[in-house]
Amino acid sequence: MNIVLLGYRGSGKTTVGKKLAMQLWKTFVDTDVEICKRFDNATIAEIWETHGESAFRQTECEVVADFLKHRDQVIALGGGSVMQPAARQSIEQADETVRIYLKCDAAVLAQRLEADAATRASRPSLTTTGDAVTEIEAVLAERDPVYQAVADHVLDVTRLAPPDVIRHLIHRCL
């Protein structure tokens, strides 16, 4: 069985996913890392600048489909993966897969992202608002309904530490 973690950047998909995979003896896959590998380890921001968002999104769809063919993985999706019809179809149609949306409040996401210098340096801005909370709210307004529709389980992680998220997922969702 695969476990797919979806949600906005900063929601904990990678942090939780790595630890969850270790506890369940599964392989951890971060689709953003795998996409970057296909572009000679460029950052996502560099890929967008050099090749464009469309090349990134096409590769994202290929990576998602490729990894969903394997079993016994915890897969952390990029925040926009489910917004791509081909990737969403692969995710929704994947057999023996549990899809979990790690939902988080926009203000908390903004705090987490602000505290993570690596994210700021390697990821492109998704809107032109300039204000992190306003940007996140705008993007979530579009993505949240899709995240909800794709997910088998929704877990609000706004006030949960990663060990609590993992404990909840193991006992209630898997």
# chains A, B, ... in the order shown; residues from 1 in each chain; ligands from 1
$ residues_around --residues "Leu174 in chain A" --least-positions-apart "2" --cutoff "12 Å" --atoms "only C-alpha atoms" --output "ChimeraX atom specification"
/A:1-4,20,24,74,96-100,152-153,166-172
$ select_by_dssp --residues "chain A" --states "alpha helix (DSSP H)" --output "count of residues only"
93
$ closest_atom_pairs --of "range 22-104 of chain A" --to "range 130-142 of chain A" --cutoff "12 Å" --atoms "only C-alpha atoms" --output "CSV"
residue,atom,partner,partner_atom,distance
A:Gly79,CA,A:Leu140,CA,9.9
A:Gly80,CA,A:Val139,CA,9.5
A:Val82,CA,A:Glu142,CA,11.2
A:Met83,CA,A:Glu142,CA,9.0
A:Lys103,CA,A:Leu140,CA,9.8
A:Cys104,CA,A:Leu140,CA,9.8
$ write_last_selection --atoms "all heavy atoms" --output "PDB file, in the first residue's frame"
ATOM      1  N   GLY A  79       2.903  20.767  -3.611  1.00  0.00           N
ATOM      2  CA  GLY A  79       1.628  21.398  -3.290  1.00  0.00           C
ATOM      3  C   GLY A  79       0.693  21.571  -4.462  1.00  0.00           C
ATOM      4  O   GLY A  79      -0.530  21.505  -4.314  1.00  0.00           O
ATOM      5  N   GLY A  80       1.224  21.760  -5.662  1.00  0.00           N
ATOM      6  CA  GLY A  80       0.379  21.982  -6.834  1.00  0.00           C
ATOM      7  C   GLY A  80       0.099  20.745  -7.659  1.00  0.00           C
ATOM      8  O   GLY A  80      -0.604  20.816  -8.666  1.00  0.00           O
ATOM      9  N   VAL A  82      -1.842  18.129  -7.372  1.00  0.00           N
ATOM     10  CA  VAL A  82      -3.236  17.734  -7.613  1.00  0.00           C
ATOM     11  C   VAL A  82      -3.988  18.713  -8.509  1.00  0.00           C
ATOM     12  O   VAL A  82      -5.081  18.407  -8.974  1.00  0.00           O
ATOM     13  CB  VAL A  82      -4.023  17.533  -6.297  1.00  0.00           C
ATOM     14  CG1 VAL A  82      -3.414  16.422  -5.476  1.00  0.00           C
ATOM     15  CG2 VAL A  82      -4.116  18.811  -5.508  1.00  0.00           C
ATOM     16  N   MET A  83      -3.388  19.867  -8.780  1.00  0.00           N
ATOM     17  CA  MET A  83      -4.030  20.839  -9.660  1.00  0.00           C
ATOM     18  C   MET A  83      -3.781  20.514 -11.139  1.00  0.00           C
ATOM     19  O   MET A  83      -4.404  21.094 -12.018  1.00  0.00           O
ATOM     20  CB  MET A  83      -3.543  22.258  -9.345  1.00  0.00           C
ATOM     21  CG  MET A  83      -3.797  22.676  -7.910  1.00  0.00           C
ATOM     22  SD  MET A  83      -5.516  22.468  -7.367  1.00  0.00           S
ATOM     23  CE  MET A  83      -6.300  23.769  -8.318  1.00  0.00           C
ATOM     24  N   LYS A 103      -3.958  19.479   6.192  1.00  0.00           N
ATOM     25  CA  LYS A 103      -4.536  20.822   6.119  1.00  0.00           C
ATOM     26  C   LYS A 103      -3.931  21.705   7.201  1.00  0.00           C
ATOM     27  O   LYS A 103      -3.706  21.251   8.322  1.00  0.00           O
ATOM     28  CB  LYS A 103      -6.053  20.702   6.302  1.00  0.00           C
ATOM     29  CG  LYS A 103      -6.794  21.989   6.152  1.00  0.00           C
ATOM     30  CD  LYS A 103      -8.309  21.749   6.286  1.00  0.00           C
ATOM     31  CE  LYS A 103      -9.018  23.069   6.178  1.00  0.00           C
ATOM     32  NZ  LYS A 103     -10.030  23.055   5.142  1.00  0.00           N
ATOM     33  N   CYS A 104      -3.688  22.967   6.845  1.00  0.00           N
ATOM     34  CA  CYS A 104      -3.067  23.867   7.816  1.00  0.00           C
ATOM     35  C   CYS A 104      -3.535  25.295   7.556  1.00  0.00           C
ATOM     36  O   CYS A 104      -3.742  25.700   6.402  1.00  0.00           O
ATOM     37  CB  CYS A 104      -1.548  23.772   7.703  1.00  0.00           C
ATOM     38  SG  CYS A 104      -0.654  24.565   9.047  1.00  0.00           S
TER      39      CYS A 104
END
$ residues_around --residues "Gly78 in chain A" --least-positions-apart "2" --cutoff "10 Å" --atoms "only C-alpha atoms" --output "list of chain:residue names"
A:Leu5, A:Leu6, A:Gly7, A:Tyr8, A:Arg9, A:Lys13, A:Thr14, A:Asp30, A:Thr31, A:Asp32, A:Val33, A:Ile35, A:Glu60, A:Val64, A:Ile75, A:Ala76, A:Gly80, A:Ser81, A:Val82
$ write_last_selection --atoms "N, CA and C atoms" --output "compact mmCIF listing (two decimals), in the first residue's frame"
# COMPACT_ATOMS: atom_id res chain seq x y z
N LEU A 5 0.75 11.92 0.65
CA LEU A 5 0.51 13.10 1.46
C LEU A 5 0.39 14.31 0.54
N LEU A 6 -0.71 15.04 0.68
CA LEU A 6 -0.91 16.23 -0.12
C LEU A 6 -1.25 17.40 0.76
N GLY A 7 -1.01 18.59 0.25
CA GLY A 7 -1.28 19.81 1.00
C GLY A 7 -0.35 20.91 0.55
N TYR A 8 -0.54 22.08 1.11
CA TYR A 8 0.24 23.25 0.75
C TYR A 8 1.68 23.10 1.24
N ARG A 9 2.61 23.81 0.59
CA ARG A 9 4.00 23.78 1.06
C ARG A 9 4.03 24.27 2.51
N LYS A 13 4.40 17.74 4.79
CA LYS A 13 4.40 16.51 3.98
C LYS A 13 5.74 15.80 4.02
N THR A 14 6.83 16.54 3.86
CA THR A 14 8.15 15.93 3.84
C THR A 14 8.59 15.52 5.24
N ASP A 30 9.84 12.13 -2.17
CA ASP A 30 9.39 13.52 -2.26
C ASP A 30 9.38 13.85 -3.75
N THR A 31 8.20 14.06 -4.32
CA THR A 31 8.13 14.27 -5.78
C THR A 31 8.87 15.53 -6.21
N ASP A 32 8.90 16.56 -5.37
CA ASP A 32 9.65 17.76 -5.74
C ASP A 32 11.14 17.45 -5.90
N VAL A 33 11.69 16.63 -5.01
CA VAL A 33 13.10 16.24 -5.10
C VAL A 33 13.33 15.44 -6.38
N ILE A 35 11.62 15.57 -9.16
CA ILE A 35 11.53 16.48 -10.31
C ILE A 35 12.85 17.23 -10.47
N GLU A 60 6.33 16.99 -13.41
CA GLU A 60 5.63 16.63 -12.17
C GLU A 60 4.60 15.53 -12.44
N VAL A 64 4.84 11.81 -10.72
CA VAL A 64 3.75 11.29 -9.90
C VAL A 64 3.27 9.95 -10.46
N ILE A 75 4.57 8.92 -0.19
CA ILE A 75 4.87 9.88 -1.24
C ILE A 75 4.40 11.26 -0.82
N ALA A 76 5.34 12.20 -0.71
CA ALA A 76 5.00 13.59 -0.43
C ALA A 76 4.88 14.31 -1.77
N GLY A 80 1.22 21.76 -5.66
CA GLY A 80 0.38 21.98 -6.83
C GLY A 80 0.10 20.74 -7.66
N SER A 81 0.62 19.61 -7.25
CA SER A 81 0.47 18.38 -8.05
C SER A 81 -0.98 18.06 -8.38
N VAL A 82 -1.84 18.13 -7.37
CA VAL A 82 -3.24 17.73 -7.61
C VAL A 82 -3.99 18.71 -8.51
$ closest_residue --among "A:Leu113, A:Met22, A:Val16, A:Val63" --to "Cys36 in chain A" --atoms "only C-alpha atoms"
A:Val63
$ atom_distance --atom1 "CA of Arg88 in chain A" --atom2 "CA of Leu102 in chain A"
16.4 Å
$ residues_around --residues "Thr15 in chain A" --least-positions-apart "4" --cutoff "10 Å" --atoms "only C-alpha atoms" --output "PyMOL selection string"
chain A and resi 10-11+19-20+76+162-163
$ write_last_selection --atoms "N, CA, C and O atoms" --output "short mmCIF file (atom, residue, chain, number, x, y, z; two decimals), in the first residue's frame"
data_model
loop_
_atom_site.label_atom_id
_atom_site.label_comp_id
_atom_site.auth_asym_id
_atom_site.auth_seq_id
_atom_site.Cartn_x
_atom_site.Cartn_y
_atom_site.Cartn_z
N GLY A 10 4.83 23.61 3.31
CA GLY A 10 4.92 23.97 4.73
C GLY A 10 3.94 23.22 5.61
O GLY A 10 3.96 23.38 6.83
N SER A 11 3.11 22.37 5.02
CA SER A 11 2.12 21.64 5.83
C SER A 11 2.73 20.43 6.54
O SER A 11 2.08 19.84 7.40
N LYS A 19 9.38 10.50 8.49
CA LYS A 19 9.26 9.79 9.77
C LYS A 19 8.20 8.69 9.70
O LYS A 19 8.38 7.61 10.26
N LEU A 20 7.11 8.96 9.00
CA LEU A 20 6.07 7.95 8.84
C LEU A 20 6.61 6.75 8.05
O LEU A 20 6.37 5.60 8.42
N ALA A 76 5.34 12.20 -0.71
CA ALA A 76 5.00 13.59 -0.43
C ALA A 76 4.88 14.31 -1.77
O ALA A 76 5.87 14.42 -2.51
N PRO A 162 4.85 17.15 14.48
CA PRO A 162 4.98 15.96 13.62
C PRO A 162 4.75 14.63 14.33
O PRO A 162 4.05 13.77 13.78
N PRO A 163 5.28 14.39 15.56
CA PRO A 163 4.99 13.09 16.19
C PRO A 163 3.50 12.86 16.42
O PRO A 163 3.02 11.73 16.31
#
$ closest_residue --among "A:Gln73, A:Ser54, A:Thr59, A:Thr43" --to "Gly17 in chain A" --atoms "only C-alpha atoms"
A:Gln73
$ closest_residue --among "A:Arg143, A:His70, A:Lys26, A:His51" --to "Gln84 in chain A" --atoms "only C-alpha atoms"
A:Arg143
$ select_by_dssp --residues "chain A" --states "strand (DSSP E)" --output "NGL selection string"
:A and (2-6 or 27-30 or 73-76 or 97-103 or 153-156)
